[in-house]
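Q: Take a look at entry_18.txt, compact mmCIF, C-alpha atoms:
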# COMPACT_ATOMS: atom_id res chain seq x y z
CA MET A 568 53.88 158.31 61.21
CA SER A 569 56.91 159.04 59.13
CA GLU A 570 59.70 156.53 58.60
CA GLY A 571 62.48 158.73 60.07
CA ASN A 572 60.65 159.51 63.31
CA VAL A 573 60.24 156.31 65.32
CA THR A 574 58.69 156.52 68.77
CA LYS A 575 59.92 154.13 71.42
CA THR A 576 57.95 152.58 74.20
CA PRO A 577 58.88 153.27 77.81
CA ALA A 578 60.22 149.70 78.15
CA GLN A 579 62.49 150.19 75.14
CA LEU A 580 63.74 153.50 76.51
CA LYS A 581 64.48 151.85 79.88
CA LYS A 582 66.44 149.03 78.18
CA GLU A 583 68.40 151.51 76.09
CA ALA A 584 69.28 153.55 79.19
CA ALA A 585 70.45 150.40 81.02
CA ARG A 586 72.54 149.40 78.00
CA GLN A 587 74.12 152.86 77.85
CA ALA A 588 74.93 152.75 81.60
CA LYS A 589 76.52 149.33 81.20
CA LEU A 590 78.64 150.56 78.27
CA GLU A 591 79.86 153.57 80.28
CA LYS A 592 80.76 151.32 83.23
CA PHE A 593 82.71 149.00 80.91
CA GLN A 594 84.62 151.91 79.36
CA LYS A 595 85.59 153.21 82.82
CA LYS A 596 86.90 149.74 83.73
CA GLN A 597 88.93 149.54 80.54
CA GLU A 598 90.49 152.97 81.22
CA ALA A 599 91.37 151.92 84.79
CA LEU A 600 93.02 148.71 83.49
CA LYS A 601 95.05 150.66 80.93
CA ALA A 602 96.21 153.11 83.63
CA LYS A 603 97.18 150.23 85.93
CA ALA A 604 99.11 148.49 83.12
CA ALA A 605 100.95 151.75 82.31
CA ALA A 606 101.87 152.22 85.99
CA GLN A 607 103.19 148.65 86.20
CA ALA A 608 105.19 149.09 83.00
CA ASP A 609 107.08 151.98 84.63
CA LYS A 610 108.04 149.87 87.67
CA PRO A 611 110.95 147.40 87.35
CA LYS A 612 109.79 143.81 87.55
CA GLU A 613 110.85 141.83 90.57
CA ALA A 614 111.72 138.22 90.02
CA LYS A 615 109.47 135.91 91.95
CA LYS A 616 111.42 133.78 94.32
CA LYS A 617 110.55 130.12 94.27
CA PRO A 618 111.17 128.05 97.36
CA VAL A 619 114.43 126.17 97.05
CA LYS A 620 113.86 122.45 97.15
CA SER A 621 116.48 120.32 98.68
CA GLY A 622 117.72 117.72 96.21
CA LYS A 623 116.40 114.20 95.97
CA PRO A 624 116.93 112.21 99.13
CA ALA A 625 119.88 109.91 98.88
CA GLU A 626 118.78 106.48 97.73
CA VAL A 627 119.94 103.71 100.02
CA SER A 628 121.18 100.67 98.16
CA TYR A 629 121.70 97.16 99.47
CA SER A 630 125.40 96.37 99.66
CA PHE A 631 125.81 93.62 102.27
CA ASP A 632 127.64 90.47 101.28
CA HIS A 633 125.58 87.30 101.19
CA ALA A 634 125.66 84.04 99.29
CA PRO A 635 123.45 83.99 96.14
CA GLY A 636 120.07 82.45 96.96
CA GLU A 637 120.30 83.20 100.68
CA LYS A 638 118.16 85.70 102.56
CA LYS A 639 119.69 89.15 102.80
CA ASN A 640 120.76 90.77 106.03
CA VAL A 641 118.68 93.91 106.66
CA SER A 642 120.16 94.90 110.01
CA GLY A 643 121.81 98.03 108.52
CA GLU A 644 120.36 101.45 107.67
CA MET A 645 116.83 101.39 106.29
CA PRO A 646 115.70 103.96 103.70
CA ALA A 647 113.25 106.65 104.81
CA SER A 648 110.84 105.77 101.98
CA TYR A 649 110.23 102.81 99.68
CA SER A 650 113.30 102.06 97.61
CA PRO A 651 112.81 99.20 95.12
CA GLY A 652 116.55 98.72 94.71
CA TYR A 653 116.92 98.13 98.44
CA VAL A 654 113.77 96.10 99.03
CA GLU A 655 114.01 93.76 96.07
CA ALA A 656 117.77 93.17 96.09
CA ALA A 657 118.55 89.46 96.41
CA TRP A 658 114.95 88.36 97.04
CA TYR A 659 114.40 87.03 93.51
CA GLU A 660 117.42 84.70 93.80
CA TRP A 661 116.11 83.42 97.13
CA TRP A 662 112.61 82.84 95.68
CA GLU A 663 114.09 80.82 92.79
CA LYS A 664 116.31 78.77 95.13
CA SER A 665 113.34 78.06 97.42
CA GLY A 666 111.24 76.85 94.46
CA PHE A 667 108.43 79.38 94.76
CA PHE A 668 108.01 79.57 90.96
CA LYS A 669 107.60 75.83 90.44
CA PRO A 670 104.06 74.73 89.59
CA GLU A 671 104.01 72.20 92.41
CA TYR A 672 105.87 73.79 95.28
CA GLY A 673 107.42 71.21 97.62
CA ARG A 674 105.95 68.08 95.96
CA ASP A 675 107.18 65.42 93.56
CA ILE A 676 105.18 66.03 90.38
CA SER A 677 105.68 62.49 89.09
CA GLN A 678 103.19 61.20 91.69
CA PRO A 679 99.45 62.05 91.64
CA ASN A 680 98.39 64.71 94.11
CA PRO A 681 96.54 63.15 97.07
CA GLU A 682 94.68 66.44 97.65
CA GLY A 683 93.12 66.31 94.18
CA SER A 684 93.12 68.87 91.39
CA TYR A 685 91.28 72.01 90.43
CA CYS A 686 90.89 73.14 86.83
CA MET A 687 89.12 76.23 85.51
CA VAL A 688 88.40 76.49 81.80
CA ILE A 689 87.31 79.90 80.65
CA PRO A 690 86.04 80.92 77.23
CA PRO A 691 88.15 83.11 74.96
CA PRO A 692 87.58 86.85 75.32
CA ASN A 693 85.09 88.68 73.13
CA VAL A 694 87.48 90.60 70.90
CA THR A 695 84.70 92.64 69.31
CA GLY A 696 83.32 94.02 72.57
CA ILE A 697 84.49 96.91 74.71
CA LEU A 698 86.31 96.12 77.94
CA HIS A 699 84.55 97.20 81.12
CA ILE A 700 84.98 96.76 84.89
CA GLY A 701 83.19 93.41 84.76
CA HIS A 702 86.14 91.89 82.91
CA ALA A 703 88.56 92.87 85.67
CA LEU A 704 86.18 91.68 88.38
CA THR A 705 85.71 88.31 86.69
CA ASN A 706 89.46 87.81 86.30
CA SER A 707 90.03 88.77 89.94
CA ILE A 708 87.47 86.26 91.18
CA GLU A 709 88.86 83.49 88.96
CA ASP A 710 92.39 84.26 90.15
CA ALA A 711 91.29 84.19 93.79
CA LEU A 712 89.58 80.80 93.32
CA VAL A 713 92.64 79.27 91.67
CA ARG A 714 94.99 80.68 94.33
CA TYR A 715 92.74 79.43 97.14
CA ASN A 716 92.67 75.89 95.73
CA ARG A 717 96.43 75.95 95.24
CA MET A 718 96.91 77.01 98.87
CA MET A 719 94.71 74.08 99.89
CA GLY A 720 97.29 71.80 98.27
CA ARG A 721 95.47 70.90 95.07
CA THR A 722 97.09 70.81 91.63
CA THR A 723 95.62 73.82 89.83
CA LEU A 724 95.27 74.82 86.20
CA ARG A 725 93.62 77.95 84.87
CA GLN A 726 93.29 77.70 81.12
CA GLY A 727 92.78 80.62 78.82
CA VAL A 728 95.02 83.06 80.62
Can you give me the file's structure in the form of structure tokens?
A:
Amino acid sequence: MSEGNVTKTPAQLKKEAARQAKLEKFQKKQEALKAKAAAQADKPKEAKKKPVKSGKPAEVSYSFDHAPGEKKNVSGEMPASYSPGYVEAAWYEWWEKSGFFKPEYGRDISQPNPEGSYCMVIPPPNVTGILHIGHALTNSIEDALVRYNRMMGRTTLRQGV
């Protein structure tokens, strides 16, 4: 056998024929794409019309007169969706006046609590570890326990928060 004359096996010839057919198919596709692009370049472009959105809905604000620290009158127009400015207007003043933020709501703190007390001491967080869902779950359970005992009338303290 000479070096310039290499004989190919039937399998190699079949692969080469398939490769050549694939190349021809690809070239035809490329020509079709070029022809399509040229045809589109001749046509003027039409601007796509986007649907016109109506502006933001008008935000309803609370504007009734009331004394500071009193409940607001909500007999007027209500907003179609949640509006923080409307919902939260004047409530904070009423909560402060009612004493909701005091540690012992509705009780004289100079006297011992007849219901008892509840204290939860938790260790400091592991600052070298990576936070995971267990941390949130633990805090949620601890918070629920403290809130439950406070609702039962006990003096509560959750240290480490």
Q: May I have the protein, DNA and RNA residues with any atom at most 12 Å from the point (90.6, 90.9, 86.1), counting all atoms listed in the file, written as a PDB file with C-alpha atoms, in the coordinates of the input?
A:
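Result saved to result.pdb:
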ATOM      1  CA  PRO A 692      87.580  86.850  75.320  1.00  0.00           C
ATOM      2  CA  LEU A 698      86.310  96.120  77.940  1.00  0.00           C
ATOM      3  CA  HIS A 699      84.550  97.200  81.120  1.00  0.00           C
ATOM      4  CA  ILE A 700      84.980  96.760  84.890  1.00  0.00           C
ATOM      5  CA  GLY A 701      83.190  93.410  84.760  1.00  0.00           C
ATOM      6  CA  HIS A 702      86.140  91.890  82.910  1.00  0.00           C
ATOM      7  CA  ALA A 703      88.560  92.870  85.670  1.00  0.00           C
ATOM      8  CA  LEU A 704      86.180  91.680  88.380  1.00  0.00           C
ATOM      9  CA  THR A 705      85.710  88.310  86.690  1.00  0.00           C
ATOM     10  CA  ASN A 706      89.460  87.810  86.300  1.00  0.00           C
ATOM     11  CA  SER A 707      90.030  88.770  89.940  1.00  0.00           C
ATOM     12  CA  ILE A 708      87.470  86.260  91.180  1.00  0.00           C
ATOM     13  CA  GLU A 709      88.860  83.490  88.960  1.00  0.00           C
ATOM     14  CA  ASP A 710      92.390  84.260  90.150  1.00  0.00           C
ATOM     15  CA  ALA A 711      91.290  84.190  93.790  1.00  0.00           C
ATOM     16  CA  VAL A 728      95.020  83.060  80.620  1.00  0.00           C
TER      17      VAL A 728
END
Q: Which one of A:Pro611, A:Gly652, A:Trp658, A:Arg586 sits closest to A:Asn640 if you count all atoms listed in the file?
A: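 Using all atoms listed in the file, the shortest distance to A:Asn640 belongs to A:Trp658.
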Q: Suppose you want the space between atom CA of A:Pro646 and atom CA of A:His633; what is it in Å?
A: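 According to the coordinates, atom CA of A:Pro646 and atom CA of A:His633 are separated by 19.5 Å.
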Q: What is the atom CA of A:Pro635-atom CA of A:Ser665 distance in Å, reported with one decimal?
A: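 Straight-line distance from atom CA of A:Pro635 to atom CA of A:Ser665 works out to 11.8 Å.
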Q: Can you tell me how far atom CA of A:Ala606 sits from atom CA of A:Gln594, in Å to one decimal?
A: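 Computing the Euclidean distance for atom CA of A:Ala606 and atom CA of A:Gln594 yields 18.5 Å.
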Q: Find the spatial neighbours of A:Pro681, counting only C-alpha atoms, within a cut-off of 10 Å - ignore same-chain residues fewer than 5 positions away - and output them as an MDAnalysis selection string.
A: chainID A and resid 720:722
Q: Kindly save the residues from that selection, with C-alpha atoms included, as a PDB file, keeping the file's coordinate frame.
A:
ATOM      1  CA  GLY A 720      97.290  71.800  98.270  1.00  0.00           C
ATOM      2  CA  ARG A 721      95.470  70.900  95.070  1.00  0.00           C
ATOM      3  CA  THR A 722      97.090  70.810  91.630  1.00  0.00           C
TER       4      THR A 722
END
Q: Extending 3 Å beyond the listed atoms of stretch 675-691 of chain A on each side, what axis-aligned box results? I want centre and edge lengths in Å to one decimal, as JSON.
A:
{"center_x": 96.6, "center_y": 72.2, "center_z": 86.3, "size_x": 27.1, "size_y": 27.9, "size_z": 28.7}
Q: Find, counting only C-alpha atoms, the residue in A:Lys575, A:Lys669, A:Arg725, A:Arg714 that gets nearest to A:Val688.
A: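 Using only C-alpha atoms, A:Val688 sits closest to A:Arg725.
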